[in-house]
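What follows is structure_13.cif (mmCIF, C-alpha atoms).
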data_target
#
loop_
_atom_site.label_atom_id
_atom_site.label_comp_id
_atom_site.auth_asym_id
_atom_site.auth_seq_id
_atom_site.Cartn_x
_atom_site.Cartn_y
_atom_site.Cartn_z
CA MET A 205 19.09 -12.75 -22.32
CA PRO A 206 19.60 -11.30 -18.84
CA LEU A 207 21.85 -8.36 -18.06
CA THR A 208 25.49 -9.14 -17.29
CA SER A 209 28.41 -7.79 -15.24
CA TYR A 210 28.38 -3.98 -15.05
CA GLU A 211 24.87 -3.77 -16.46
CA SER A 212 23.50 -5.77 -13.54
CA LEU A 213 25.39 -3.61 -11.04
CA PHE A 214 23.90 -0.45 -12.53
CA PHE A 215 20.51 -2.14 -12.72
CA TRP A 216 20.45 -2.69 -8.97
CA ILE A 217 21.81 0.77 -8.18
CA PHE A 218 19.24 2.57 -10.31
CA GLY A 219 16.37 0.25 -9.46
CA ILE A 220 16.83 0.70 -5.73
CA ALA A 221 17.40 4.44 -6.19
CA ALA A 222 14.13 4.69 -8.15
CA ILE A 223 12.17 2.88 -5.44
CA PHE A 224 13.65 4.88 -2.55
CA ALA A 225 13.22 8.19 -4.37
CA GLY A 226 9.61 7.19 -5.06
CA LEU A 227 9.06 6.40 -1.37
CA LEU A 228 10.55 9.75 -0.35
CA THR A 229 8.34 11.50 -2.92
CA VAL A 230 5.30 10.17 -1.16
CA MET A 231 6.61 10.75 2.35
CA ALA A 232 8.32 14.15 2.10
CA ARG A 233 6.65 16.89 4.11
CA ASN A 234 7.61 19.74 1.79
CA ALA A 235 6.05 19.59 -1.70
CA VAL A 236 9.21 21.02 -3.28
CA HIS A 237 11.23 18.17 -1.77
CA SER A 238 8.64 15.75 -3.17
CA ALA A 239 9.15 17.23 -6.63
CA LEU A 240 12.93 16.94 -6.39
CA PHE A 241 12.72 13.32 -5.20
CA LEU A 242 10.34 12.59 -8.07
CA ILE A 243 12.90 14.05 -10.48
CA SER A 244 15.57 11.69 -9.14
CA SER A 245 13.15 8.77 -9.40
CA LEU A 246 12.39 9.68 -13.03
CA VAL A 247 16.09 9.94 -13.87
CA SER A 248 16.74 6.53 -12.30
CA VAL A 249 13.91 5.03 -14.34
CA ALA A 250 15.42 6.66 -17.45
CA ALA A 251 18.67 4.89 -16.62
CA LEU A 252 16.75 1.61 -16.42
CA PHE A 253 15.34 2.39 -19.88
CA VAL A 254 18.88 2.79 -21.20
CA LEU A 255 19.82 -0.56 -19.64
CA SER A 256 16.95 -2.26 -21.45
CA GLY A 257 17.99 -0.80 -24.78
CA ALA A 258 15.39 1.96 -25.15
CA GLU A 259 17.72 4.94 -25.46
CA PHE A 260 15.20 7.08 -27.30
CA ILE A 261 12.53 6.68 -24.62
CA ALA A 262 15.12 7.46 -21.95
CA GLY A 263 15.97 10.73 -23.73
CA VAL A 264 12.30 11.60 -24.12
CA GLN A 265 11.75 10.83 -20.45
CA ILE A 266 14.50 13.23 -19.38
CA LEU A 267 13.45 15.96 -21.82
CA VAL A 268 9.68 15.80 -21.33
CA TYR A 269 9.36 14.75 -17.70
CA VAL A 270 12.34 16.33 -16.00
CA GLY A 271 12.66 19.29 -18.36
CA GLY A 272 8.98 20.03 -18.89
CA VAL A 273 6.48 18.44 -16.55
CA MET A 274 8.53 18.78 -13.37
CA VAL A 275 9.28 22.44 -14.04
CA LEU A 276 5.54 22.96 -14.44
CA PHE A 277 5.01 21.19 -11.12
CA LEU A 278 7.58 23.37 -9.40
CA PHE A 279 5.94 26.50 -10.81
CA VAL A 280 2.54 25.46 -9.51
CA ILE A 281 3.99 24.55 -6.10
CA MET A 282 5.48 28.03 -5.88
CA LEU A 283 2.17 29.59 -6.98
CA VAL A 284 -0.01 27.84 -4.41
CA ASN A 285 2.56 27.45 -1.65
CA VAL A 286 0.73 27.32 1.66
CA GLY A 287 3.76 26.89 3.90
CA ALA A 288 1.73 25.29 6.67
CA GLU A 289 3.01 21.81 5.97
CA GLU A 290 6.71 22.64 6.15
CA SER A 291 6.41 24.09 9.63
CA GLY A 292 4.62 20.94 10.79
CA ARG A 293 1.33 22.62 11.60
CA GLU A 294 -0.69 20.56 9.11
CA GLU A 295 -1.00 16.81 8.90
CA ILE A 296 0.33 15.67 5.51
CA PHE A 297 -1.49 12.34 5.44
CA ASN A 298 -5.19 11.58 5.56
CA LYS A 299 -6.91 10.43 8.73
CA GLN A 300 -5.49 7.38 10.48
CA ARG A 301 -8.30 5.05 9.46
CA GLN A 302 -8.06 5.88 5.75
CA VAL A 303 -4.28 5.54 5.75
CA THR A 304 -4.39 2.16 7.48
CA THR A 305 -7.06 0.80 5.13
CA SER A 306 -5.28 1.99 2.00
CA LEU A 307 -1.91 0.66 3.17
CA VAL A 308 -3.44 -2.75 3.93
CA PHE A 309 -4.98 -2.89 0.47
CA CYS A 310 -1.73 -1.69 -1.13
CA PHE A 311 0.10 -4.48 0.70
CA LEU A 312 -2.38 -7.05 -0.60
CA LEU A 313 -2.02 -5.59 -4.10
CA VAL A 314 1.77 -5.78 -3.98
CA LEU A 315 1.59 -9.40 -2.81
CA GLY A 316 -0.78 -10.25 -5.66
CA VAL A 317 1.31 -8.47 -8.27
CA LEU A 318 4.56 -10.05 -7.08
CA TYR A 319 2.95 -13.49 -7.08
CA ALA A 320 1.68 -12.91 -10.63
CA VAL A 321 5.10 -11.67 -11.80
CA ASN A 322 6.77 -14.67 -10.22
CA LYS A 323 4.34 -17.14 -11.82
CA GLY A 324 4.21 -15.47 -15.19
CA SER A 325 7.89 -14.77 -15.65
CA THR A 326 8.93 -18.34 -14.92
CA VAL A 327 6.62 -19.49 -17.71
CA LEU A 328 7.80 -16.75 -20.06
CA LEU A 329 11.46 -17.41 -19.39
CA LYS A 330 10.99 -21.16 -19.81
CA GLN A 331 9.46 -20.52 -23.22
CA SER A 332 12.34 -18.35 -24.33
CA GLN A 333 15.10 -20.42 -22.72
CA ARG A 334 15.67 -22.82 -25.58
CA SER A 335 16.53 -20.06 -28.02
CA GLU A 336 18.64 -18.05 -25.57
CA GLU A 337 22.02 -18.88 -27.03
CA SER A 338 20.99 -18.40 -30.62
CA VAL A 339 19.47 -15.07 -29.60
CA ALA A 340 22.76 -14.05 -27.99
CA GLU A 341 24.63 -14.95 -31.15
CA GLN A 342 22.14 -13.05 -33.26
CA GLN A 343 22.43 -10.04 -30.98
CA ALA A 344 26.23 -10.05 -31.18
CA GLU A 345 26.03 -10.28 -34.96
CA GLN A 346 23.63 -7.35 -35.10
CA ASP A 347 25.83 -5.32 -32.76
CA ALA A 348 28.84 -5.95 -34.96
CA ARG A 349 26.97 -4.54 -37.93
CA LEU A 350 26.14 -1.23 -36.19
CA LYS A 351 27.93 1.97 -37.18
CA GLN A 352 31.01 2.78 -35.11
CA GLY A 353 31.12 5.87 -32.90
CA ALA A 354 33.62 8.68 -33.40
CA THR A 355 36.13 7.21 -30.95
CA GLY A 356 35.99 3.80 -32.60
CA THR A 357 35.54 2.01 -29.27
CA SER A 358 31.75 2.04 -29.15
CA ARG A 359 28.90 1.51 -31.55
CA ILE A 360 25.96 3.75 -32.31
CA THR A 361 22.54 2.36 -31.43
CA THR A 362 19.78 2.32 -34.05
CA ASP A 363 17.02 2.39 -31.45
CA THR A 364 15.82 5.90 -32.38
CA GLU A 365 15.73 5.03 -36.05
CA ARG A 366 13.75 1.85 -35.45
CA VAL A 367 11.29 3.52 -33.06
CA GLY A 368 10.72 6.32 -35.57
CA ASN A 369 10.23 3.84 -38.36
CA SER A 370 7.62 1.80 -36.55
CA LEU A 371 5.98 4.90 -35.08
CA TYR A 372 5.18 6.22 -38.54
CA ARG A 373 4.53 2.83 -40.06
CA TYR A 374 2.22 1.24 -37.49
CA ALA A 375 1.04 4.11 -35.31
CA SER A 376 0.57 7.15 -37.52
CA LEU A 377 -3.10 7.61 -36.62
CA PRO A 378 -2.49 7.49 -32.85
CA PHE A 379 0.39 9.89 -33.46
CA GLU A 380 -1.97 12.43 -35.03
CA ILE A 381 -4.53 11.89 -32.28
CA ALA A 382 -1.80 12.54 -29.71
CA SER A 383 -1.01 15.86 -31.38
CA ILE A 384 -4.68 16.88 -31.14
CA LEU A 385 -4.72 15.79 -27.50
CA LEU A 386 -1.74 18.04 -26.79
CA LEU A 387 -3.45 20.96 -28.58
CA VAL A 388 -6.59 20.45 -26.47
CA ALA A 389 -4.44 20.27 -23.33
CA ILE A 390 -2.70 23.56 -24.18
CA ILE A 391 -5.98 25.39 -24.79
CA GLY A 392 -7.66 23.78 -21.81
CA SER A 393 -4.92 24.65 -19.33
CA VAL A 394 -4.82 28.26 -20.55
CA MET A 395 -8.60 28.50 -20.18
CA LEU A 396 -8.54 26.95 -16.70
CA ALA A 397 -5.72 29.05 -15.30
CA ARG A 398 -7.10 32.46 -16.32
CA THR A 399 -7.86 34.98 -13.60
CA LEU A 400 -11.20 36.75 -13.33
CA ARG A 401 -9.67 39.90 -14.77
CA GLN A 402 -8.30 38.05 -17.79
CA GLU A 403 -11.69 36.44 -18.31
CA ALA A 404 -13.38 39.83 -18.11
CA SER A 405 -10.98 41.47 -20.56
CA ALA A 406 -11.62 38.64 -23.03
CA ASP A 407 -15.36 39.29 -22.47
CA ASP A 408 -15.87 35.66 -21.51
CA ILE A 409 -17.74 35.98 -18.24
CA ASP A 410 -21.30 36.05 -16.95
CA PRO A 411 -22.37 39.73 -16.58
CA GLU A 412 -23.99 39.03 -13.20
CA VAL A 413 -20.79 37.49 -11.81
CA LEU A 414 -18.83 40.41 -13.20
CA ALA A 415 -21.18 42.93 -11.55
CA ALA A 416 -20.93 41.08 -8.22
CA GLU A 417 -17.12 40.95 -8.32
CA ALA A 418 -16.68 44.50 -9.64
CA ILE A 419 -17.75 45.85 -6.24
CA HIS A 420 -14.47 44.63 -4.68
CA ASP A 421 -12.16 45.34 -7.60
CA PRO A 422 -11.82 48.77 -9.22
CA GLU A 423 -10.05 47.38 -12.30
CA LEU A 424 -12.94 45.00 -12.95
CA LYS A 425 -15.34 47.95 -12.71
CA LYS A 426 -13.54 49.61 -15.61
CA LEU A 427 -13.76 46.41 -17.64
CA GLU A 428 -17.44 46.07 -16.74
CA ALA A 429 -18.10 49.61 -17.95
CA ALA A 430 -16.20 48.89 -21.15
CA SER A 431 -18.16 45.70 -21.81
CA GLN A 432 -21.52 47.43 -21.34
CA GLU A 433 -20.80 50.08 -23.96
CA MET B 224 -2.04 -42.22 -3.68
CA VAL B 225 1.25 -44.10 -3.61
CA ASN B 226 2.09 -42.59 -6.98
CA ASN B 227 1.47 -39.13 -5.59
CA ILE B 228 3.79 -39.75 -2.69
CA PHE B 229 6.49 -41.01 -5.03
CA ALA B 230 6.04 -37.97 -7.23
CA ALA B 231 6.37 -35.73 -4.19
CA LEU B 232 9.51 -37.58 -3.07
CA ILE B 233 11.07 -37.26 -6.52
CA PHE B 234 10.20 -33.58 -6.56
CA LEU B 235 11.84 -33.11 -3.17
CA GLN B 236 14.93 -34.97 -4.35
CA GLU B 237 15.22 -32.76 -7.39
CA ALA B 238 14.80 -29.69 -5.24
CA GLY B 239 17.59 -31.02 -3.01
CA ALA B 240 19.80 -31.59 -6.05
CA GLU B 241 19.23 -28.00 -7.10
CA GLN B 242 20.16 -26.84 -3.65
CA ALA B 243 23.46 -28.67 -3.81
CA ALA B 244 24.97 -25.71 -5.64
CA GLY B 245 24.44 -23.62 -2.51
CA PRO B 246 21.42 -22.65 -0.46
CA PHE B 247 20.60 -19.49 -2.40
CA ALA B 248 22.07 -20.42 -5.78
CA ALA B 249 18.99 -19.45 -7.78
CA MET B 250 18.69 -16.17 -5.90
CA LYS B 251 22.37 -15.36 -6.44
CA GLU B 252 21.99 -16.09 -10.11
CA GLY B 253 18.98 -13.76 -10.22
CA VAL B 254 20.93 -10.96 -8.56
CA LYS B 255 23.94 -11.45 -10.82
CA HIS B 256 21.91 -11.61 -14.01
CA PRO B 257 18.68 -9.64 -13.55
CA ASP B 258 16.11 -10.64 -16.17
CA LEU B 259 12.61 -9.56 -17.16
CA SER B 260 11.06 -10.43 -13.79
CA LYS B 261 13.37 -8.04 -11.88
CA PHE B 262 12.27 -5.16 -14.10
CA LEU B 263 8.64 -6.13 -13.51
CA VAL B 264 9.17 -6.29 -9.73
CA ILE B 265 10.72 -2.82 -9.64
CA ALA B 266 7.87 -1.49 -11.79
CA ALA B 267 5.34 -3.14 -9.48
CA LEU B 268 6.92 -1.58 -6.39
CA LEU B 269 6.97 1.88 -8.02
CA PHE B 270 3.31 1.41 -8.97
CA ILE B 271 2.32 0.46 -5.42
CA ILE B 272 4.21 3.42 -3.98
CA GLY B 273 2.30 5.67 -6.37
CA VAL B 274 -1.04 4.13 -5.43
CA ALA B 275 -0.24 4.52 -1.74
CA GLY B 276 0.66 8.17 -2.37
CA VAL B 277 -2.62 8.85 -4.16
CA LEU B 278 -4.62 7.20 -1.38
CA THR B 279 -2.88 8.66 1.65
CA ARG B 280 -1.64 12.17 0.89
CA ARG B 281 -3.73 15.31 1.45
CA ASN B 282 -1.76 17.69 -0.79
CA ILE B 283 -3.31 17.62 -4.27
CA ILE B 284 0.01 18.42 -5.99
CA VAL B 285 1.72 15.45 -4.33
CA ILE B 286 -1.22 13.31 -5.48
CA PHE B 287 -0.51 14.43 -9.04
CA MET B 288 3.15 13.53 -8.58
CA SER B 289 2.13 10.07 -7.37
CA ILE B 290 0.08 9.66 -10.55
CA GLU B 291 3.22 10.47 -12.55
CA LEU B 292 4.99 7.75 -10.56
CA ILE B 293 2.25 5.26 -11.50
CA LEU B 294 2.49 6.16 -15.21
CA ASN B 295 6.25 5.77 -15.02
CA ALA B 296 5.91 2.30 -13.55
CA ALA B 297 3.63 1.38 -16.46
CA ASN B 298 6.27 2.72 -18.87
CA LEU B 299 8.93 0.61 -17.22
CA ASN B 300 6.72 -2.44 -17.75
CA PHE B 301 6.26 -1.58 -21.42
CA ILE B 302 9.98 -1.12 -21.99
CA ALA B 303 10.93 -4.32 -20.16
CA MET B 304 8.39 -6.31 -22.16
CA SER B 305 9.59 -4.72 -25.39
CA ARG B 306 13.13 -5.81 -24.54
CA TYR B 307 11.95 -9.34 -23.81
CA LEU B 308 10.06 -9.49 -27.12
CA GLN B 309 13.08 -8.20 -29.02
CA GLN B 310 15.09 -11.05 -27.58
CA THR B 311 12.55 -13.63 -28.60
CA GLY B 312 12.65 -12.15 -32.08
CA SER B 313 9.05 -11.00 -32.21
CA ALA B 314 8.20 -8.92 -35.29
CA ASN B 315 6.23 -6.33 -33.35
CA ALA B 316 8.73 -5.94 -30.52
CA LEU B 317 8.93 -2.14 -30.72
CA ALA B 318 5.22 -1.72 -29.94
CA GLY B 319 6.12 -1.37 -26.26
CA GLN B 320 8.45 1.55 -26.90
CA ILE B 321 5.87 3.28 -29.11
CA PHE B 322 3.27 2.82 -26.44
CA ALA B 323 5.66 4.32 -23.89
CA VAL B 324 5.94 7.44 -26.06
CA PHE B 325 2.16 7.79 -26.04
CA VAL B 326 2.01 7.27 -22.29
CA ILE B 327 4.52 10.11 -21.87
CA VAL B 328 2.41 12.34 -24.16
CA VAL B 329 -0.74 11.61 -22.18
CA ALA B 330 1.10 12.18 -18.89
CA ALA B 331 2.28 15.58 -20.10
CA ALA B 332 -1.25 16.57 -21.19
CA GLU B 333 -2.69 15.29 -17.92
CA ALA B 334 -0.15 17.24 -15.87
CA ALA B 335 -0.88 20.47 -17.75
CA ILE B 336 -4.66 20.15 -17.35
CA GLY B 337 -4.44 18.92 -13.78
CA LEU B 338 -2.22 21.74 -12.65
CA GLY B 339 -4.54 24.22 -14.40
CA ILE B 340 -7.39 22.77 -12.35
CA VAL B 341 -5.27 23.04 -9.18
CA ILE B 342 -4.63 26.73 -9.84
CA ALA B 343 -8.31 27.43 -10.56
CA LEU B 344 -9.28 25.51 -7.42
CA TYR B 345 -6.78 27.36 -5.27
CA ARG B 346 -8.10 30.67 -6.55
CA ASN B 347 -11.66 29.78 -5.61
CA LYS B 348 -11.26 27.70 -2.45
CA GLU B 349 -7.91 28.92 -1.05
CA THR B 350 -6.88 25.38 -0.19
CA ILE B 351 -4.92 22.49 -1.72
CA TRP B 352 -5.93 19.91 0.90
CA VAL B 353 -8.13 17.37 -0.81
CA ASP B 354 -10.18 16.63 2.32
CA GLU B 355 -11.30 20.26 2.47
CA ILE B 356 -12.52 20.21 -1.13
CA ASP B 357 -15.84 18.53 -0.42
CA LEU B 358 -18.32 20.60 -2.39
CA MET B 359 -19.93 17.52 -3.96
CA LYS B 360 -20.11 15.51 -0.75
CA TRP B 361 -23.54 15.04 0.84
#

In structure tokens, write the structure found in this file.
Amino acid sequence: MPLTSYESLFFWIFGIAAIFAGLLTVMARNAVHSALFLISSLVSVAALFVLSGAEFIAGVQILVYVGGVMVLFLFVIMLVNVGAEESGREEIFNKQRQVTTSLVFCFLLVLGVLYAVNKGSTVLLKQSQRSEESVAEQQAEQDARLKQGATGTSRITTDTERVGNSLYRYASLPFEIASILLLVAIIGSVMLARTLRQEASADDIDPEVLAAEAIHDPELKKLEAASQE
Amino acid sequence: MVNNIFAALIFLQEAGAEQAAGPFAAMKEGVKHPDLSKFLVIAALLFIIGVAGVLTRRNIIVIFMSIELILNAANLNFIAMSRYLQQTGSANALAGQIFAVFVIVVAAAEAAIGLGIVIALYRNKETIWVDEIDLMKW
């Protein structure tokens, strides 16, 4: 069942916005601009999720990506800001030869993917075409059974409920594994981002390295003396 | 041989009959009622833009952002397919949405670790240009 009327209008608006914001992400000179364009691309994709009936994933996308990951990106950009690229002194792309080669191969890839989508979707849609009307009826029936919203004009989706149900029913082990992955990521990023001084105060550093670095840094010398006692 | 030619002629006639509704009738219908394939095309374009970003940019943070773009395109594919399966009445139609949740989790973990590596790298090498980080090149 394809999208209809206003849905299709919003589909084209958000789809084209997502693609253009993605293009600008890759082409922007300033990394902060890249991050902001990526945020608008992610929001547009979240809108596409809503259009395809995945409201829960759209909310997660906004919360996790835009609220969490992109803020992290912006922090890191501010931390390592070099400033040379904004003023136009540094080339933002690789060397000419590499760029040309990669763009040629990307073009071939996009042609292949579009051909595959074209071929595959005609077959898929032909398979589903016979049941299209019964599916529409079924959908309308299901929609009529949904709980009404507070205003009485709209109905409340059960998408979150259903996703939660099948997440715990069919994917509880991957769910637990994902939690361990996140724990490892937290510990790993803290370990990676420590400064030399923080490493020295946690006594987690090679004594030779510490001795070599302590010559330049008086604070490290104190820590070195403390660790030798 | 003759049969083939007849088949081709019949095919052409049918194509002509389809065109009678207007030269771009099928295309117009596709624009008015976007279906699964339009979602897949948008996802494919986002994916390619991400790949191009990874291959061409020098700034390691922008490369990470392009990777996020790629993962997002994959998510869009999952969601579109999940919607299609829901319409065909498949029992396991929500698998796509569940998988999208896991992709988002992995993307968040990857971003945290990757940006930690970027900070450590910047502290040691004073650069975020990937072509200057060539310690393992010989």

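Using only C-alpha atoms, the smallest distance between any of A:Val264, A:Ala354, A:Leu427, A:Val308 and Ile321 of chain B comes from A:Val264.
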
Please enumerate the residues selected by the PyMOL selection byres ((chain A) within 6 of (chain B)) when evaluated against the supplied file, formatted as a list in words. Pro206, Leu207, Thr208, Ile223, Val230, Ile296, Phe297, Asn298, Val303, Ser325, Leu386, Ala389, Ser393, Leu396 and Ala397 of chain A

Within 12 Å of segment 415-421 of chain A using all atoms listed in the file, minus same-chain residues under 5 positions, as a PyMOL selection string: chain A and resi 400-401+404+409-410+426-429+431-432

How far is it from atom CA of Met282 of chain A to atom CA of Phe218 of chain A, in Å with one decimal?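 Those two atoms sit 29.3 Å apart.
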
State, in Å with one decimal place, the distance from atom CA of Ser376 of chain A to atom CA of Met274 of chain A.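 Separating atom CA of Ser376 of chain A from atom CA of Met274 of chain A is a distance of 28.0 Å.
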
Edge lengths and centre in Å to one decimal, as lines of an AutoDock Vina configuration file, of the axis-aligned box that encloses all listed atoms of segment 325-329 of chain A with 3 Å added on every side?
center_x = 9.0
center_y = -17.1
center_z = -17.5
size_x = 10.8
size_y = 10.7
size_z = 11.1

Excluding same-chain residues fewer than 5 positions from segment 244-259 of chain A, what lies within 7 Å of it counting all atoms listed in the file, as a PyMOL selection string? (chain A and resi 211+215+218-219+221-222+225-226+265-266+363) or (chain B and resi 302-303+306)

Any idea what's packed within 9 Å of Asn285 of chain A, counting only C-alpha atoms, ignoring anything in its chain fewer than 4 positions away? Could you give it as a CSV table (one decimal) with C-alpha atoms, keeping the file's coordinate frame?
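Resulting contents of part20.csv:
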chain,number,residue,atom,x,y,z
A,235,ALA,CA,6.0,19.6,-1.7
A,280,VAL,CA,2.5,25.5,-9.5
A,281,ILE,CA,4.0,24.6,-6.1
B,351,ILE,CA,-4.9,22.5,-1.7

Could you check how far atom CA of Val388 of chain A sits from atom CA of Leu424 of chain A, in Å to one decimal?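 Separation of atom CA of Val388 of chain A and atom CA of Leu424 of chain A: 28.7 Å.
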